[in-house]
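In what follows, a structure is listed as structure tokens, so that the remarks can point back to it.
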Amino acid sequence: MTSADPLLPMLLHEEFLAPGSVVLTLKAPAALSWFQGHFPRQAILPGVAQLVWAEHYAQCYLAEGQELRAIPALKYLCPILPDSTLSLRLSYVKDKDRVDFAYEIVNDQNRVSATSGSLKFAKAACCAS
């Protein structure tokens, strides 16, 4: 599978665990523009890219018609390298209008926690009543 957007990863698989919860398998190809110049000796996926992806997929799957208002929690644990396969878990916490997310780096031997956080959403201004 490929992504038509040069800023988004390849979406390899989606698994709906329960209402309000999805796990996506993503591939972060080295050719993504996010990796260019970040950093010269060893490219890593910038934190802002991880936030953009989490927001994008949260809005696609769980917070449709809402916009990001705050990032109440964010923790970077391990750098994500080019060509990594990732698991992105998204869980909607309805009473708080929040989506919790967690990235794991997936390889044949193990899974390594890379990033976790929360995204606070609210109805888009155009949709508010």
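So you can find residues: chains in the structure tokens are A, B, ... in the order shown, residues in each start at 1, and ligands are numbered from 1 in order.
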Extract, using only C-alpha atoms, all DNA, RNA and protein residues at most 9 Å from Leu86 of chain A, discarding same-chain residues fewer than 6 positions from it, and format them as an MDAnalysis selection string.
-> chainID A and resid 24:28 80 103:107 111
Excluding same-chain residues fewer than 3 positions from Gly20 of chain A, what lies within 12 Å of it counting only C-alpha atoms, as a tab-separated table (two decimals) with C-alpha atoms, in the first residue's frame?
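Output saved as around.tsv:
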```tsv
chain	number	residue	atom	x	y	z
A	15	GLU	CA	-7.86	-3.29	13.37
A	16	PHE	CA	-10.92	-2.10	15.24
A	17	LEU	CA	-10.68	-3.41	18.81
A	23	VAL	CA	-4.86	0.00	16.03
A	58	ALA	CA	-7.71	10.38	15.20
A	59	GLN	CA	-9.86	12.69	13.07
A	60	CYS	CA	-10.31	10.01	10.40
A	61	TYR	CA	-11.33	7.25	12.79
A	62	LEU	CA	-12.53	8.68	16.10
A	63	ALA	CA	-12.96	12.47	16.20
A	64	GLU	CA	-14.56	13.22	12.84
A	89	ARG	CA	-3.13	2.69	18.98
A	90	LEU	CA	-5.89	5.30	19.21
A	91	SER	CA	-8.52	5.26	21.96
A	92	TYR	CA	-11.32	7.80	22.30
A	93	VAL	CA	-12.14	8.91	25.85
A	94	LYS	CA	-15.63	10.26	25.23
A	95	ASP	CA	-16.31	12.00	28.55
A	97	ASP	CA	-13.30	14.56	24.30
A	98	ARG	CA	-9.80	13.18	24.20
A	99	VAL	CA	-7.96	10.66	22.07
A	100	ASP	CA	-5.11	8.80	23.75
A	101	PHE	CA	-2.45	7.52	21.38
```
Find the residues around segment 34-41 of chain A up to 12 Å (only C-alpha atoms counted), leave out those fewer than 2 positions away in its own chain, and share them as a list in words.
->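 Skipping anything fewer than 2 positions along the chain leaves Asp5, Pro6, Leu7, Leu8, Pro9, Ala28, Pro29, Ala30, Ala31, Leu32, Ala43, Ile44, Leu45, Pro46, Gly47, Val48, Ala49, Gln50, Val52, Trp53, Pro79, Ile80, Leu81, Pro82, Asp83 and Ser84 of chain A.
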Identify which of the residues A:Ala54, A:Phe121, A:Met10, A:Val22 lies closest to Leu74 of chain A, counting only C-alpha atoms when measuring atom-to-atom distances.
->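 So, comparing all the options, the nearest one is A:Ala54.
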Identify which of the residues A:Leu12, A:Leu51, A:Leu119, A:Ala102 lies closest to Gln66 of chain A, counting only C-alpha atoms when measuring atom-to-atom distances.
->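 Of all the options, A:Leu119 lies closest to Gln66 of chain A.
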Identify, with DSSP run on backbone atoms, the residues in segment 5-71 of chain A assigned to strand (DSSP E), and express the list as a ChimeraX atom specification.
-> /A:10-18,21-28,66-71
Written selection (C-alpha atoms) as a short mmCIF file (atom, residue, chain, number, x, y, z; two decimals), in the first residue's frame:
```cif
data_model
loop_
_atom_site.label_atom_id
_atom_site.label_comp_id
_atom_site.auth_asym_id
_atom_site.auth_seq_id
_atom_site.Cartn_x
_atom_site.Cartn_y
_atom_site.Cartn_z
CA MET A 10 1.81 4.01 4.44
CA LEU A 11 -1.24 2.49 6.11
CA LEU A 12 -0.64 -1.26 6.08
CA HIS A 13 -3.45 -2.53 8.30
CA GLU A 14 -6.28 -1.35 10.53
CA GLU A 15 -7.86 -3.29 13.37
CA PHE A 16 -10.92 -2.10 15.24
CA LEU A 17 -10.68 -3.41 18.81
CA ALA A 18 -13.90 -1.98 20.24
CA SER A 21 -10.50 2.07 19.70
CA VAL A 22 -8.39 1.26 16.66
CA VAL A 23 -4.86 0.00 16.03
CA LEU A 24 -3.16 0.96 12.79
CA THR A 25 -0.03 -0.60 11.34
CA LEU A 26 2.02 2.04 9.54
CA LYS A 27 5.25 2.11 7.56
CA ALA A 28 7.45 5.22 7.73
CA GLN A 66 -13.69 17.90 15.51
CA GLU A 67 -10.54 19.94 15.70
CA LEU A 68 -7.50 19.66 17.89
CA ARG A 69 -7.57 22.11 20.79
CA ALA A 70 -4.79 20.93 23.11
CA ILE A 71 -2.12 18.33 23.72
#
```
